[in-house]
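Structure file protein-v8.txt (compact mmCIF, C-alpha atoms) is printed below.
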# COMPACT_ATOMS: atom_id res chain seq x y z
CA ALA R 571 0.00 0.00 0.00
CA ALA R 572 1.49 3.32 -1.08
CA ARG R 573 1.52 6.26 1.33
CA ASN R 574 2.96 9.75 1.50
CA ALA R 575 5.86 10.67 3.76
CA ASP R 576 8.07 13.70 4.32
CA LEU R 577 11.61 13.01 3.17
CA SER R 578 14.95 14.79 3.13
CA LEU R 579 16.83 13.80 0.00
CA PRO R 580 19.62 11.40 1.06
CA MET R 581 21.90 12.22 -1.92
CA ARG R 582 22.47 14.78 -4.70
CA LEU R 583 20.35 14.12 -7.77
CA GLN R 584 20.20 15.60 -11.25
CA CYS R 585 16.89 15.49 -13.10
CA ASN R 586 17.13 13.55 -16.38
CA ASN R 587 14.49 15.83 -17.93
CA CYS R 588 15.70 19.39 -17.21
CA ASP R 589 19.20 18.82 -15.67
CA ASN R 590 18.14 20.57 -12.43
CA ILE R 591 20.42 19.62 -9.52
CA MET R 592 18.80 18.90 -6.16
CA SER R 593 21.07 18.97 -3.14
CA LYS R 594 21.25 16.41 -0.37
CA GLY R 595 18.84 17.46 2.37
CA THR R 596 16.23 18.98 0.02
CA LYS R 597 12.83 18.34 1.60
CA PHE R 598 10.08 16.54 -0.32
CA THR R 599 6.74 14.92 0.24
CA SER R 600 7.34 11.55 -1.36
CA ARG R 601 5.18 8.61 -2.22
CA VAL R 602 6.47 5.50 -0.43
CA GLU R 603 5.61 1.90 -1.24
CA ASP R 604 6.91 -1.51 -0.24
CA VAL R 605 8.79 -3.33 -3.01
CA ILE R 606 6.70 -6.50 -3.16
CA GLY R 607 8.61 -9.77 -3.14
CA GLU R 608 12.01 -8.23 -2.33
CA THR R 609 13.71 -8.29 1.05
CA TYR R 610 17.27 -8.51 2.28
CA LEU R 611 17.77 -10.75 5.33
CA GLY R 612 14.14 -10.06 6.24
CA ILE R 613 14.49 -6.27 5.87
CA LYS R 614 11.77 -4.64 3.75
CA ILE R 615 12.83 -2.62 0.71
CA PHE R 616 11.01 0.66 0.07
CA ARG R 617 10.54 2.64 -3.15
CA PHE R 618 10.32 6.45 -3.04
CA GLN R 619 8.76 8.60 -5.78
CA ILE R 620 9.53 12.32 -5.82
CA GLN R 621 9.18 15.12 -8.36
CA CYS R 622 11.82 17.50 -9.68
CA THR R 623 11.68 20.87 -7.92
CA ASN R 624 11.99 22.60 -11.32
CA CYS R 625 9.91 20.64 -13.88
CA SER R 626 7.92 18.12 -11.76
CA HIS R 627 9.48 15.16 -13.62
CA GLU R 628 8.99 11.94 -11.64
CA MET R 629 12.03 10.25 -10.09
CA LYS R 630 12.18 6.91 -8.31
CA PHE R 631 14.73 5.39 -5.98
CA ARG R 632 14.68 2.55 -3.47
CA THR R 633 16.49 1.45 -0.38
CA ASP R 634 19.47 -0.90 -0.63
CA PRO R 635 19.88 -2.41 2.85
CA LYS R 636 22.67 -4.74 1.70
CA ASN R 637 24.95 -1.73 1.04
CA ALA R 638 23.26 0.71 3.48
CA ASP R 639 22.50 2.96 0.48
CA PHE R 640 19.89 3.84 -2.17
CA ILE R 641 19.49 2.76 -5.81
CA ILE R 642 18.19 5.18 -8.45
CA GLU R 643 15.52 3.42 -10.53
CA SER R 644 14.40 6.12 -12.96
CA GLY R 645 14.15 9.82 -13.76
CA ALA R 646 17.40 11.01 -12.18
CA THR R 647 21.14 10.58 -12.06
CA ARG R 648 23.02 10.41 -8.79
CA LEU R 649 25.79 12.98 -8.41
CA LEU R 650 28.64 11.73 -6.28
CA TYR R 651 30.81 14.85 -6.24
CA PRO R 652 29.96 18.54 -5.85
CA ASP R 653 30.36 20.85 -8.86
Starting from the file, lay out its structure as structure tokens.
Amino acid sequence: AARNADLSLPMRLQCNNCDNIMSKGTKFTSRVEDVIGETYLGIKIFRFQIQCTNCSHEMKFRTDPKNADFIIESGATRLLYPD
């Protein structure tokens, strides 16, 4: 069941539609859902859907408990280093 949750962006992202860069810590209201059929050592995996702050393009990422990180699924590119 999907639900909404307030979220601070855990990484820097660049929108694949308009190239807008969103900094780590940017606050969003995101749509959160359980990834059905996927767990890691019994830990649930969650998918987050947010929208670009500039063009409202949809971006999706999910938790990666194995590596204590997140995986970008669509709509954005993760930026590892500052400009």
Can you pull out every residue within 12 Å of Thr633 (chain R), counting all atoms listed in the file, but drop anything in the same chain fewer than 2 positions away, and send it as a list in words?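 Surrounding residues, per the criterion: Pro580, Val602, Glu603, Asp604, Val605, Glu608, Thr609, Tyr610, Ile613, Lys614, Ile615, Phe616, Arg617, Phe618, Gln619, Lys630, Phe631, Pro635, Lys636, Asn637, Ala638, Asp639, Phe640, Ile641, Ile642 and Glu643 of chain R.
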As a list in words, please: the residues near region 624-628 of chain R (cut-off 12 Å, only C-alpha atoms, same-chain neighbours under 4 positions excluded).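 So, after excluding close chain neighbours, the residues are Gln584, Cys585, Asn586, Asn587, Cys588, Asp589, Asn590, Ile591, Met592, Phe598, Ser600, Arg601, Phe618, Gln619, Ile620, Ile642, Glu643, Ser644, Gly645 and Ala646 of chain R.
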Atom-to-atom span, CA of Tyr651 (chain R) and CA of Gln621 (chain R), Å: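 Interatomic distance, CA of Tyr651 (chain R) to CA of Gln621 (chain R): 21.7 Å.
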Residues around (16.9, 14.9, 1.9), cut-off 10 Å, counting all atoms listed in the file - what are they as JSON, numbers by chain? {"R": [576, 577, 578, 579, 580, 581, 582, 592, 593, 594, 595, 596, 597, 598]}
